Amino acid sequence: MKERNRKSLSFGDTPANDDNKQKRLNITLDENLQAIRQVFKKDSDLVIRSFRLYGLYEAAIIFFSSMTNQDQIHEHVLKPLMLVPSDSAEIPDILNDLPDYIWNMTVHIARGGKTVDINSLPALIIQGNVILLVNGMEQALYIDMRKIEHRSVEQPQTEQTIRGSREGFSENLQANLSLLRYRLQTPDFRVMTSPFGVRTRSEVAICYIEGIANPALIEEVTRRLSLIDIDGIIDSGYIEQFIEDQPLSPFPQIQPTERPDKSTVALLEGRVVILVDGSPFSLIIPALFDQFFQTIDDYTERFIVGSLIRFIRLIALIFSLFFPSLYVSIISFNPELLPTEFAVAISGGRAGVPFPAVLEVLIMEVFMEVLREATIRLPKMIGGALSIVGVLVIGQAAVSAGLSSPTTVVVVALTTIGSFATPAYNAAIALRMLRFPLVILAGLFGLYGVMIGTLVIVNHLLFLESFGVPYMTPFVPTKWRDLRDSLIRAPLWWMRRRPSFLNTVDSSRLPRDLPKVYSDMIFKEKGEPYEQQPPHNDDPSRGGNR
C-alpha cells in the first residue's frame, strides 16, 4: 500500500498527485498529449482540441466535456486564444513569458493557475479545469471551467420547522458555502478546504469564525481529518465515522444537519462546521446530548413557548425509551402496583394471547421497526398509505387473531409516537436500539432490570466525550450558566455569553448590562421611569424613545 501521510490540511496552487513525485513537462506538445492520452486511454468524454495560438504557436486545450461549461470555453478561452492580435509585437518572444501574457491579457476567467508538473495534469482535468499546452513551453496553464449539474436550494426534508428558514443544503459545496456566507457577512468567517479520498478527491471544508472559535478545537479537528486515509469520501457520514471519539457508542457525538441556519447558529456559538462536496449534510463539532433534542423553532418562538415545546419533547423522549420496559416489568412481576380495575382489564385483554408479555412486546416492537423502515424506503406517495394500513389494519388484525393484546398495541403505538418527537434521526435510532435490551432486562428481572439498564445507559453517557467536551454537559459536570439553554430556553436577552464549555475566544454575545435593562423593564412598577432604555429604544430611526 502506498504511504500517504498528511500532517495537516494543505492549500497549494495545484493539487499534489498521490505519489508526491513531480515530473516536468516536456518541451514537445505531442509528447505531453501522448502522456495524457496514456492516463485516460478510452475515456470518450475527454476532449483534446488543437489550434494555433495567436496564429503563431501550436497549442492544445484538454478538458472533460462532462465536467466543464463548453459555452464559456468557446467564448472566453478558445476564441480569444485563436484570435490573431492586430499588433503582434505585444506577444512575448520568450515562450516562458507567454503564460503570464495569456493569463493577464487574453483569457477572461477569474480562477486558474500554472504548473510545470505533468503528473498533476490528470487531477486538474478531473476537477473540471481546462489545460492549455503550447509547443515549446515548459509550463501548462489550467483554467477553472467546472460546471456540475446539481439540485437547487430546496426545503430540508429531515428537519422540518414551523418558523424557520425554508432553505437547505444541497450536494454542491460552493452553493452550501454561499448559504453560510450570506448569513455570516463578516470577514472573520473562515473556510479551509482540502481534497480527501485517494480516488474521489472530494473537497472537504472546515468552517469557523475566527475570534470566536477556540484555536485548540480547530487544531484538533484538523488533526483528526489529517489522519483519514481512504479511497473515497462519498458523504459527510464517512468523515463523521472517522473522527468521532467513540465509534462503538450508539449515541452520535457529531451532529449532522442539512439546515444552513442551524449551522450558522453553531458557528456563532464557537463550534466548527464541516462540509463535504457531494453531501447535503454539514457536521457540527462538538455535539452534546441535549443538542440533539433542540430545534431552530426553540429560538424563533418566544422563550415561554420554546421552553414548553422543548420540555414536552424531553418527556416524549423519556416516555419512548422506558414505557415498554416499565409495562413489561409491571405486568410480569408487579401487577399489584396497578389499580385493581385496571389490572383486571389488562388481564382480560391478554386472555388467549399465547406469548408472555416480554415476547409480545418484542414482536410488536420489531413489527413497528419494520413498518417504519418500509415507510421510509418507499416512495413518498405510497409510504403514507402503508403507514396508515400497517398501524390500523394489521394492528387490529393482530388483536383479533390473539397474537397481541389491545394494551400492548396501545403501548407500542404510544412509544412510536413519542420517538417521532426526537428531532435528530440518528439520536432517535439510538433510543430505539436501547428499547430492546431494556425490555429484555425488564422481562428477566422486572423493575430491577429496568433500573440496571438505566444505570448502564447513564454511566455510558457520562463516559462519552465529544472533542474533549463531556457529553452530558451542562448537567454533568454542572455548568450553571449553560443550564439556561438546556431543559428550558431562557430569553435571548438573558443568554449574554456563549457556552462556557466551548472555551471561546470572545465569550460575549450581548452587552454586559443588557439583561439588567430588560429585567428592569419587566419588573418596574407601571409609570415608574426606567434607569436605562434598551439600545434599540435610543435609535430615532427605529421608533425613538418608545
# chains A, B, ... in the order shown; residues from 1 in each chain; ligands from 1
call {"tool": "select_by_dssp", "arguments": {"residues": "segment 438-522 of chain A", "states": "alpha helix (DSSP H)", "output": "PyMOL selection string"}}
result
chain A and resi 438-445+447-463+514-522
call {"tool": "select_by_dssp", "arguments": {"residues": "segment 135-173 of chain A", "states": "strand (DSSP E)", "output": "list in words"}}
result
Ala140, Leu141, Tyr142, Ile143 and Asp144 of chain A
call {"tool": "write_last_selection", "arguments": {"atoms": "N, CA and C atoms", "output": "short mmCIF file (atom, residue, chain, number, x, y, z; two decimals), in the first residue's frame"}}
result
data_model
loop_
_atom_site.label_atom_id
_atom_site.label_comp_id
_atom_site.auth_asym_id
_atom_site.auth_seq_id
_atom_site.Cartn_x
_atom_site.Cartn_y
_atom_site.Cartn_z
N ALA A 140 2.26 24.69 -18.08
CA ALA A 140 0.88 24.47 -18.51
C ALA A 140 -0.03 25.40 -17.72
N LEU A 141 -0.98 25.99 -18.40
CA LEU A 141 -2.00 26.80 -17.74
C LEU A 141 -3.22 25.94 -17.46
N TYR A 142 -3.81 26.10 -16.26
CA TYR A 142 -5.10 25.45 -16.00
C TYR A 142 -6.11 26.52 -15.63
N ILE A 143 -7.29 26.41 -16.23
CA ILE A 143 -8.36 27.40 -16.12
C ILE A 143 -9.60 26.72 -15.58
N ASP A 144 -10.13 27.24 -14.50
CA ASP A 144 -11.29 26.64 -13.84
C ASP A 144 -12.55 26.92 -14.65
#
call {"tool": "atom_distance", "arguments": {"atom1": "atom CA of Leu371 of chain A", "atom2": "atom CA of Tyr425 of chain A"}}
result
16.2 Å
call {"tool": "atom_distance", "arguments": {"atom1": "atom CA of Arg350 of chain A", "atom2": "atom CA of Val409 of chain A"}}
result
11.2 Å
call {"tool": "closest_atom_pairs", "arguments": {"of": "segment 116-165 of chain A", "to": "segment 64-72 of chain A", "cutoff": "9 Å", "atoms": "only C-alpha atoms", "output": "tab-separated table"}}
result
residue	atom	partner	partner_atom	distance
A:Ile125	CA	A:Phe64	CA	6.7
A:Ile126	CA	A:Phe64	CA	7.2
A:Gln127	CA	A:Met67	CA	7.5
A:Gly128	CA	A:Met67	CA	5.0
A:Asn129	CA	A:Thr68	CA	7.3
A:Val130	CA	A:Thr68	CA	8.0
A:Asp144	CA	A:Thr68	CA	8.5
A:Met145	CA	A:Thr68	CA	5.3
A:Arg146	CA	A:Thr68	CA	4.5
A:Lys147	CA	A:Thr68	CA	4.8
A:Ile148	CA	A:Met67	CA	6.1
